[in-house]
Amino acid sequence: MSTKRVLVAYGTKHGATAGIAEQIGKTLREDGLDAVVLPADDVHDVRAYDAVVLGGSLYAGHWSTKAKHCAERNADSLRHRPVWMFSSGPLDRSAEEHDIPPVSAVAREMQLIGAREHMTFGGSITAHTPGFLAKVLTRQGKGGDFRNPERIQNWAHHISAELVAA
């Protein structure tokens, strides 16, 4: 039996979502899968992969257009393989306290491609995040890194278990 190939694609604005995608890819590899992590803009054909994890950042309730376009560009192929989706964005611990349903754009993409499930992870805005809004939020004490590595790893292990069982 050959090792399953998994694509972890992400749409990010300032890198926090890329960090989540990298952690998912690392965990999948530790679980024995062949995981490749790529920016969503670089994904033009998913047929070489047995499964896909697609994530995007959330800004003001809107999902990354890079991730959205990746899903739409590859919709026909994505419908024929297992797909999981994630979002990153809440700038607090709410994603750890309760399940946050996908925003409407993500729910539409999930339906379009037949995604199995969606997970929302906390986001990150720190003093190193570029942009005016990031600077304002951090000065107001509203910034921080709310990504939970253990929660990300647990979800990636869950994906691995489903793929190995299939």
# chains A, B, ... in the order shown; residues from 1 in each chain; ligands from 1
$ select_by_dssp --residues "chain A" --states "strand (DSSP E)" --output "PyMOL selection string"
chain A and resi 5-11+34-39+51-59+62-63+83-88+117-121+124-125+144-145
$ closest_atom_pairs --of "stretch 18-121 of chain A" --to "stretch 143-156 of chain A" --cutoff "10 Å" --atoms "only C-alpha atoms" --output "Markdown table"
| residue | atom | partner | partner_atom | distance |
| --- | --- | --- | --- | --- |
| A:Gly19 | CA | A:Arg147 | CA | 9.0 |
| A:Ile20 | CA | A:Ile152 | CA | 7.0 |
| A:Ala21 | CA | A:Ile152 | CA | 9.0 |
| A:Gln23 | CA | A:Gln153 | CA | 6.9 |
| A:Ile24 | CA | A:Ala156 | CA | 5.4 |
| A:Gly25 | CA | A:Ala156 | CA | 7.9 |
| A:Lys26 | CA | A:Gln153 | CA | 8.8 |
| A:Thr27 | CA | A:Gln153 | CA | 6.1 |
| A:Leu28 | CA | A:Ala156 | CA | 6.2 |
| A:Arg29 | CA | A:Ala156 | CA | 9.9 |
| A:Asp31 | CA | A:Ala156 | CA | 9.0 |
| A:Val53 | CA | A:Ala156 | CA | 9.4 |
| A:Trp84 | CA | A:Ala156 | CA | 9.9 |
| A:Ser88 | CA | A:Arg147 | CA | 8.1 |
| A:Gly89 | CA | A:Phe146 | CA | 8.6 |
| A:Pro90 | CA | A:Phe146 | CA | 7.6 |
| A:Leu91 | CA | A:Phe146 | CA | 6.2 |
| A:Asp92 | CA | A:Phe146 | CA | 6.0 |
| A:Arg93 | CA | A:Phe146 | CA | 6.2 |
| A:Ser94 | CA | A:Phe146 | CA | 9.2 |
| A:Ala95 | CA | A:Phe146 | CA | 8.7 |
| A:Glu96 | CA | A:Arg151 | CA | 7.9 |
| A:Met119 | CA | A:Trp155 | CA | 8.2 |
| A:Thr120 | CA | A:Ile152 | CA | 9.7 |
| A:Phe121 | CA | A:Arg147 | CA | 6.2 |
$ write_last_selection --atoms "N, CA, C and O atoms" --output "tab-separated table (two decimals), in the first residue's frame"
chain	number	residue	atom	x	y	z
A	19	GLY	N	1.13	29.46	9.26
A	19	GLY	CA	1.67	28.76	10.41
A	19	GLY	C	0.79	27.58	10.82
A	19	GLY	O	1.29	26.51	11.18
A	20	ILE	N	-0.51	27.77	10.77
A	20	ILE	CA	-1.44	26.68	11.08
A	20	ILE	C	-1.29	25.57	10.04
A	20	ILE	O	-1.22	24.38	10.39
A	21	ALA	N	-1.25	25.94	8.78
A	21	ALA	CA	-1.11	24.96	7.71
A	21	ALA	C	0.19	24.16	7.86
A	21	ALA	O	0.21	22.94	7.68
A	23	GLN	N	1.78	23.55	10.63
A	23	GLN	CA	1.63	22.64	11.77
A	23	GLN	C	0.79	21.43	11.39
A	23	GLN	O	1.11	20.30	11.77
A	24	ILE	N	-0.25	21.63	10.61
A	24	ILE	CA	-1.07	20.51	10.14
A	24	ILE	C	-0.23	19.58	9.28
A	24	ILE	O	-0.23	18.36	9.46
A	25	GLY	N	0.53	20.15	8.33
A	25	GLY	CA	1.37	19.34	7.46
A	25	GLY	C	2.41	18.56	8.25
A	25	GLY	O	2.63	17.36	8.00
A	26	LYS	N	3.05	19.18	9.22
A	26	LYS	CA	4.05	18.52	10.05
A	26	LYS	C	3.42	17.34	10.80
A	26	LYS	O	3.99	16.24	10.85
A	27	THR	N	2.26	17.55	11.37
A	27	THR	CA	1.59	16.49	12.12
A	27	THR	C	1.18	15.34	11.21
A	27	THR	O	1.35	14.17	11.56
A	28	LEU	N	0.65	15.66	10.03
A	28	LEU	CA	0.29	14.61	9.08
A	28	LEU	C	1.51	13.78	8.69
A	28	LEU	O	1.44	12.55	8.59
A	29	ARG	N	2.65	14.44	8.48
A	29	ARG	CA	3.89	13.72	8.15
A	29	ARG	C	4.33	12.84	9.32
A	29	ARG	O	4.76	11.70	9.11
A	31	ASP	N	2.45	11.42	11.31
A	31	ASP	CA	1.52	10.30	11.32
A	31	ASP	C	1.73	9.35	10.13
A	31	ASP	O	0.95	8.42	9.93
A	53	VAL	N	-6.54	19.45	2.58
A	53	VAL	CA	-6.94	20.31	3.69
A	53	VAL	C	-6.78	21.73	3.17
A	53	VAL	O	-5.69	22.10	2.72
A	84	TRP	N	-11.00	18.58	3.97
A	84	TRP	CA	-11.28	19.23	5.25
A	84	TRP	C	-10.94	20.70	5.07
A	84	TRP	O	-10.02	21.05	4.34
A	88	SER	N	-8.94	30.61	10.24
A	88	SER	CA	-8.24	31.18	11.39
A	88	SER	C	-8.62	32.64	11.49
A	88	SER	O	-8.79	33.31	10.48
A	89	GLY	N	-8.80	33.10	12.70
A	89	GLY	CA	-9.15	34.49	12.78
A	89	GLY	C	-9.57	35.06	14.10
A	89	GLY	O	-9.17	36.18	14.42
A	90	PRO	N	-10.37	34.38	14.91
A	90	PRO	CA	-10.78	35.06	16.13
A	90	PRO	C	-9.56	35.51	16.94
A	90	PRO	O	-8.62	34.73	17.13
A	91	LEU	N	-9.58	36.74	17.36
A	91	LEU	CA	-8.46	37.28	18.12
A	91	LEU	C	-8.77	37.23	19.61
A	91	LEU	O	-8.71	38.22	20.33
A	92	ASP	N	-9.16	36.02	20.02
A	92	ASP	CA	-9.42	35.72	21.42
A	92	ASP	C	-9.43	34.21	21.56
A	92	ASP	O	-9.10	33.50	20.62
A	93	ARG	N	-9.82	33.69	22.69
A	93	ARG	CA	-9.81	32.24	22.94
A	93	ARG	C	-11.15	31.58	22.59
A	93	ARG	O	-11.37	30.42	22.90
A	94	SER	N	-12.04	32.28	21.92
A	94	SER	CA	-13.39	31.75	21.64
A	94	SER	C	-13.34	30.45	20.83
A	94	SER	O	-14.18	29.57	21.04
A	95	ALA	N	-12.38	30.30	19.95
A	95	ALA	CA	-12.29	29.08	19.13
A	95	ALA	C	-11.97	27.86	19.99
A	95	ALA	O	-12.29	26.73	19.61
A	96	GLU	N	-11.36	28.07	21.14
A	96	GLU	CA	-11.06	26.96	22.05
A	96	GLU	C	-12.23	26.67	22.98
A	96	GLU	O	-12.37	25.57	23.48
A	119	MET	N	-13.05	23.44	10.73
A	119	MET	CA	-12.60	23.79	12.07
A	119	MET	C	-12.14	25.24	12.05
A	119	MET	O	-11.51	25.69	11.08
A	120	THR	N	-12.47	25.98	13.11
A	120	THR	CA	-12.00	27.35	13.25
A	120	THR	C	-10.95	27.39	14.35
A	120	THR	O	-11.18	26.87	15.45
A	121	PHE	N	-9.81	27.98	14.04
A	121	PHE	CA	-8.73	28.17	15.00
A	121	PHE	C	-8.56	29.65	15.28
A	121	PHE	O	-8.90	30.50	14.45
$ select_by_dssp --residues "chain A" --states "alpha helix (DSSP H)" --output "ChimeraX atom specification"
/A:16-30,65-73,75-78,94-97,104-113,132-139,149-165
$ closest_residue --among "A:Val103, A:Val164, A:Ala115, A:Ala40" --to "A:Gly61" --atoms "only C-alpha atoms"
A:Val103
$ atom_distance --atom1 "atom CA of A:Val52" --atom2 "atom CA of A:Gly15"
19.7 Å
$ atom_distance --atom1 "atom CA of A:Gly123" --atom2 "atom CA of A:Cys70"
20.8 Å
$ residues_around --residues "A:Pro39" --least-positions-apart "3" --cutoff "6 Å" --atoms "only C-alpha atoms" --output "PDB file with all heavy atoms, in the first residue's frame"
ATOM      1  N   ALA A   9      -3.371  23.321   1.713  1.00  0.00           N
ATOM      2  CA  ALA A   9      -3.296  24.614   1.015  1.00  0.00           C
ATOM      3  C   ALA A   9      -3.894  25.689   1.907  1.00  0.00           C
ATOM      4  O   ALA A   9      -4.840  25.427   2.658  1.00  0.00           O
ATOM      5  CB  ALA A   9      -4.047  24.537  -0.309  1.00  0.00           C
ATOM      6  N   TYR A  10      -3.370  26.890   1.801  1.00  0.00           N
ATOM      7  CA  TYR A  10      -3.829  27.962   2.690  1.00  0.00           C
ATOM      8  C   TYR A  10      -3.830  29.306   1.974  1.00  0.00           C
ATOM      9  O   TYR A  10      -3.013  29.577   1.101  1.00  0.00           O
ATOM     10  CB  TYR A  10      -2.937  28.041   3.930  1.00  0.00           C
ATOM     11  CG  TYR A  10      -1.500  28.377   3.586  1.00  0.00           C
ATOM     12  CD1 TYR A  10      -1.074  29.700   3.504  1.00  0.00           C
ATOM     13  CD2 TYR A  10      -0.585  27.374   3.311  1.00  0.00           C
ATOM     14  CE1 TYR A  10       0.230  30.018   3.155  1.00  0.00           C
ATOM     15  CE2 TYR A  10       0.727  27.670   2.960  1.00  0.00           C
ATOM     16  CZ  TYR A  10       1.119  28.999   2.894  1.00  0.00           C
ATOM     17  OH  TYR A  10       2.416  29.309   2.542  1.00  0.00           O
ATOM     18  N   ASP A  42      -0.836  28.961  -5.364  1.00  0.00           N
ATOM     19  CA  ASP A  42       0.046  28.089  -6.136  1.00  0.00           C
ATOM     20  C   ASP A  42      -0.602  26.756  -6.513  1.00  0.00           C
ATOM     21  O   ASP A  42       0.039  25.931  -7.159  1.00  0.00           O
ATOM     22  CB  ASP A  42       1.326  27.806  -5.344  1.00  0.00           C
ATOM     23  CG  ASP A  42       2.178  29.047  -5.159  1.00  0.00           C
ATOM     24  OD1 ASP A  42       1.908  30.075  -5.812  1.00  0.00           O
ATOM     25  OD2 ASP A  42       3.124  28.987  -4.339  1.00  0.00           O
TER      26      ASP A  42
END
$ closest_residue --among "A:Gly122, A:Leu163, A:Lys142, A:Ala71" --to "A:Arg5" --atoms "only C-alpha atoms"
A:Leu163
$ closest_residue --among "A:Leu7, A:Ala16, A:Met85, A:Leu58" --to "A:Gly114" --atoms "only C-alpha atoms"
A:Met85
$ atom_distance --atom1 "atom CA of A:Thr12" --atom2 "atom CA of A:Leu38"
11.0 Å
$ closest_residue --among "A:Asp76, A:Asp45, A:Glu162, A:Glu117" --to "A:Asp99" --atoms "only C-alpha atoms"
A:Glu117
$ residues_around --residues "A:Gln111" --least-positions-apart "2" --cutoff "12 Å" --atoms "only C-alpha atoms" --output "list in words"
Ala71, Glu72, Ala75, Leu78, Arg79, Val83, Trp84, Met85, Pro102, Ser104, Ala105, Val106, Ala107, Arg108, Glu109, Ile113, Gly114, Ala115, Arg116, Glu117 and His118 of chain A
$ write_last_selection --atoms "N, CA and C atoms" --output "short mmCIF file (atom, residue, chain, number, x, y, z; two decimals), in the first residue's frame"
data_model
loop_
_atom_site.label_atom_id
_atom_site.label_comp_id
_atom_site.auth_asym_id
_atom_site.auth_seq_id
_atom_site.Cartn_x
_atom_site.Cartn_y
_atom_site.Cartn_z
N ALA A 71 -10.52 26.79 -4.01
CA ALA A 71 -11.63 25.83 -3.95
C ALA A 71 -12.42 25.85 -5.25
N GLU A 72 -12.72 27.02 -5.76
CA GLU A 72 -13.52 27.14 -6.98
C GLU A 72 -12.74 26.65 -8.21
N ALA A 75 -12.71 22.79 -7.95
CA ALA A 75 -13.95 22.20 -7.44
C ALA A 75 -14.23 20.81 -8.02
N LEU A 78 -11.85 18.38 -6.40
CA LEU A 78 -12.04 18.29 -4.95
C LEU A 78 -13.26 17.43 -4.59
N ARG A 79 -14.27 17.45 -5.44
CA ARG A 79 -15.48 16.66 -5.17
C ARG A 79 -15.19 15.16 -5.13
N VAL A 83 -11.95 16.12 1.67
CA VAL A 83 -11.50 17.50 1.89
C VAL A 83 -11.92 17.95 3.29
N TRP A 84 -11.00 18.58 3.97
CA TRP A 84 -11.28 19.23 5.25
C TRP A 84 -10.94 20.70 5.07
N MET A 85 -11.68 21.57 5.77
CA MET A 85 -11.44 23.00 5.64
C MET A 85 -11.26 23.62 7.03
N PRO A 102 -18.57 27.60 10.32
CA PRO A 102 -17.94 28.35 9.21
C PRO A 102 -18.78 29.56 8.82
N SER A 104 -20.48 32.16 6.16
CA SER A 104 -21.32 31.76 5.02
C SER A 104 -20.52 31.44 3.77
N ALA A 105 -19.45 32.19 3.48
CA ALA A 105 -18.65 31.92 2.28
C ALA A 105 -17.99 30.54 2.37
N VAL A 106 -17.52 30.17 3.55
CA VAL A 106 -16.90 28.87 3.73
C VAL A 106 -17.95 27.77 3.63
N ALA A 107 -19.11 28.00 4.22
CA ALA A 107 -20.19 27.01 4.14
C ALA A 107 -20.58 26.75 2.69
N ARG A 108 -20.62 27.80 1.87
CA ARG A 108 -20.92 27.63 0.44
C ARG A 108 -19.85 26.81 -0.26
N GLU A 109 -18.59 27.11 0.03
CA GLU A 109 -17.49 26.35 -0.58
C GLU A 109 -17.52 24.90 -0.13
N ILE A 113 -17.84 21.72 -2.81
CA ILE A 113 -16.84 20.67 -3.02
C ILE A 113 -17.10 19.42 -2.19
N GLY A 114 -18.12 19.45 -1.33
CA GLY A 114 -18.43 18.27 -0.51
C GLY A 114 -17.43 18.03 0.60
N ALA A 115 -16.96 19.10 1.23
CA ALA A 115 -15.98 18.97 2.31
C ALA A 115 -16.57 18.20 3.49
N ARG A 116 -15.74 17.43 4.14
CA ARG A 116 -16.16 16.60 5.27
C ARG A 116 -16.45 17.40 6.53
N GLU A 117 -15.57 18.34 6.82
CA GLU A 117 -15.76 19.12 8.05
C GLU A 117 -14.94 20.39 8.01
N HIS A 118 -15.23 21.25 8.96
CA HIS A 118 -14.58 22.55 9.07
C HIS A 118 -14.19 22.78 10.53
#
$ residues_around --residues "A:Gly11" --least-positions-apart "4" --cutoff "9 Å" --atoms "only C-alpha atoms" --output "list in words"
Gly15, Thr17, Ala18, Pro39, Ala40, Asp41, Leu54, Gly55, Gly56, Ser57, Trp63, Ser64, Thr65, Lys66, Ala67, Lys68 and Cys70 of chain A
$ write_last_selection --atoms "N, CA and C atoms" --output "mmCIF file, in the first residue's frame"
data_model
loop_
_atom_site.group_PDB
_atom_site.id
_atom_site.type_symbol
_atom_site.label_atom_id
_atom_site.label_comp_id
_atom_site.auth_asym_id
_atom_site.auth_seq_id
_atom_site.Cartn_x
_atom_site.Cartn_y
_atom_site.Cartn_z
ATOM 1 N N GLY A 15 0.455 35.664 7.363
ATOM 2 C CA GLY A 15 1.258 34.525 7.756
ATOM 3 C C GLY A 15 0.731 33.648 8.878
ATOM 4 N N THR A 17 -2.152 32.076 9.200
ATOM 5 C CA THR A 17 -2.804 30.887 8.645
ATOM 6 C C THR A 17 -1.771 29.946 8.043
ATOM 7 N N ALA A 18 -0.716 30.491 7.462
ATOM 8 C CA ALA A 18 0.368 29.658 6.954
ATOM 9 C C ALA A 18 0.994 28.851 8.086
ATOM 10 N N PRO A 39 0.864 27.561 -0.625
ATOM 11 C CA PRO A 39 -0.090 28.676 -0.671
ATOM 12 C C PRO A 39 -1.203 28.357 -1.676
ATOM 13 N N ALA A 40 -2.423 28.739 -1.351
ATOM 14 C CA ALA A 40 -3.577 28.443 -2.210
ATOM 15 C C ALA A 40 -3.397 29.005 -3.619
ATOM 16 N N ASP A 41 -2.734 30.146 -3.740
ATOM 17 C CA ASP A 41 -2.497 30.742 -5.061
ATOM 18 C C ASP A 41 -1.654 29.838 -5.967
ATOM 19 N N LEU A 54 -7.846 22.511 3.215
ATOM 20 C CA LEU A 54 -7.816 23.877 2.676
ATOM 21 C C LEU A 54 -8.210 24.856 3.760
ATOM 22 N N GLY A 55 -7.348 25.823 4.007
ATOM 23 C CA GLY A 55 -7.612 26.798 5.056
ATOM 24 C C GLY A 55 -7.481 28.215 4.574
ATOM 25 N N GLY A 56 -8.151 29.093 5.298
ATOM 26 C CA GLY A 56 -8.088 30.507 4.965
ATOM 27 C C GLY A 56 -8.256 31.376 6.190
ATOM 28 N N SER A 57 -7.694 32.544 6.107
ATOM 29 C CA SER A 57 -7.824 33.506 7.190
ATOM 30 C C SER A 57 -9.176 34.194 7.118
ATOM 31 N N TRP A 63 -13.813 35.178 4.436
ATOM 32 C CA TRP A 63 -12.764 34.175 4.283
ATOM 33 C C TRP A 63 -11.803 34.604 3.190
ATOM 34 N N SER A 64 -10.589 34.171 3.281
ATOM 35 C CA SER A 64 -9.538 34.494 2.323
ATOM 36 C C SER A 64 -9.986 34.257 0.880
ATOM 37 N N THR A 65 -9.862 35.270 0.042
ATOM 38 C CA THR A 65 -10.210 35.098 -1.374
ATOM 39 C C THR A 65 -9.247 34.125 -2.048
ATOM 40 N N LYS A 66 -8.017 34.042 -1.557
ATOM 41 C CA LYS A 66 -7.055 33.092 -2.120
ATOM 42 C C LYS A 66 -7.542 31.665 -1.915
ATOM 43 N N ALA A 67 -8.019 31.357 -0.714
ATOM 44 C CA ALA A 67 -8.533 30.015 -0.421
ATOM 45 C C ALA A 67 -9.823 29.763 -1.197
ATOM 46 N N LYS A 68 -10.680 30.768 -1.246
ATOM 47 C CA LYS A 68 -11.956 30.635 -1.958
ATOM 48 C C LYS A 68 -11.708 30.354 -3.445
ATOM 49 N N CYS A 70 -9.063 29.067 -4.779
ATOM 50 C CA CYS A 70 -8.459 27.736 -4.896
ATOM 51 C C CYS A 70 -9.552 26.670 -4.911
#
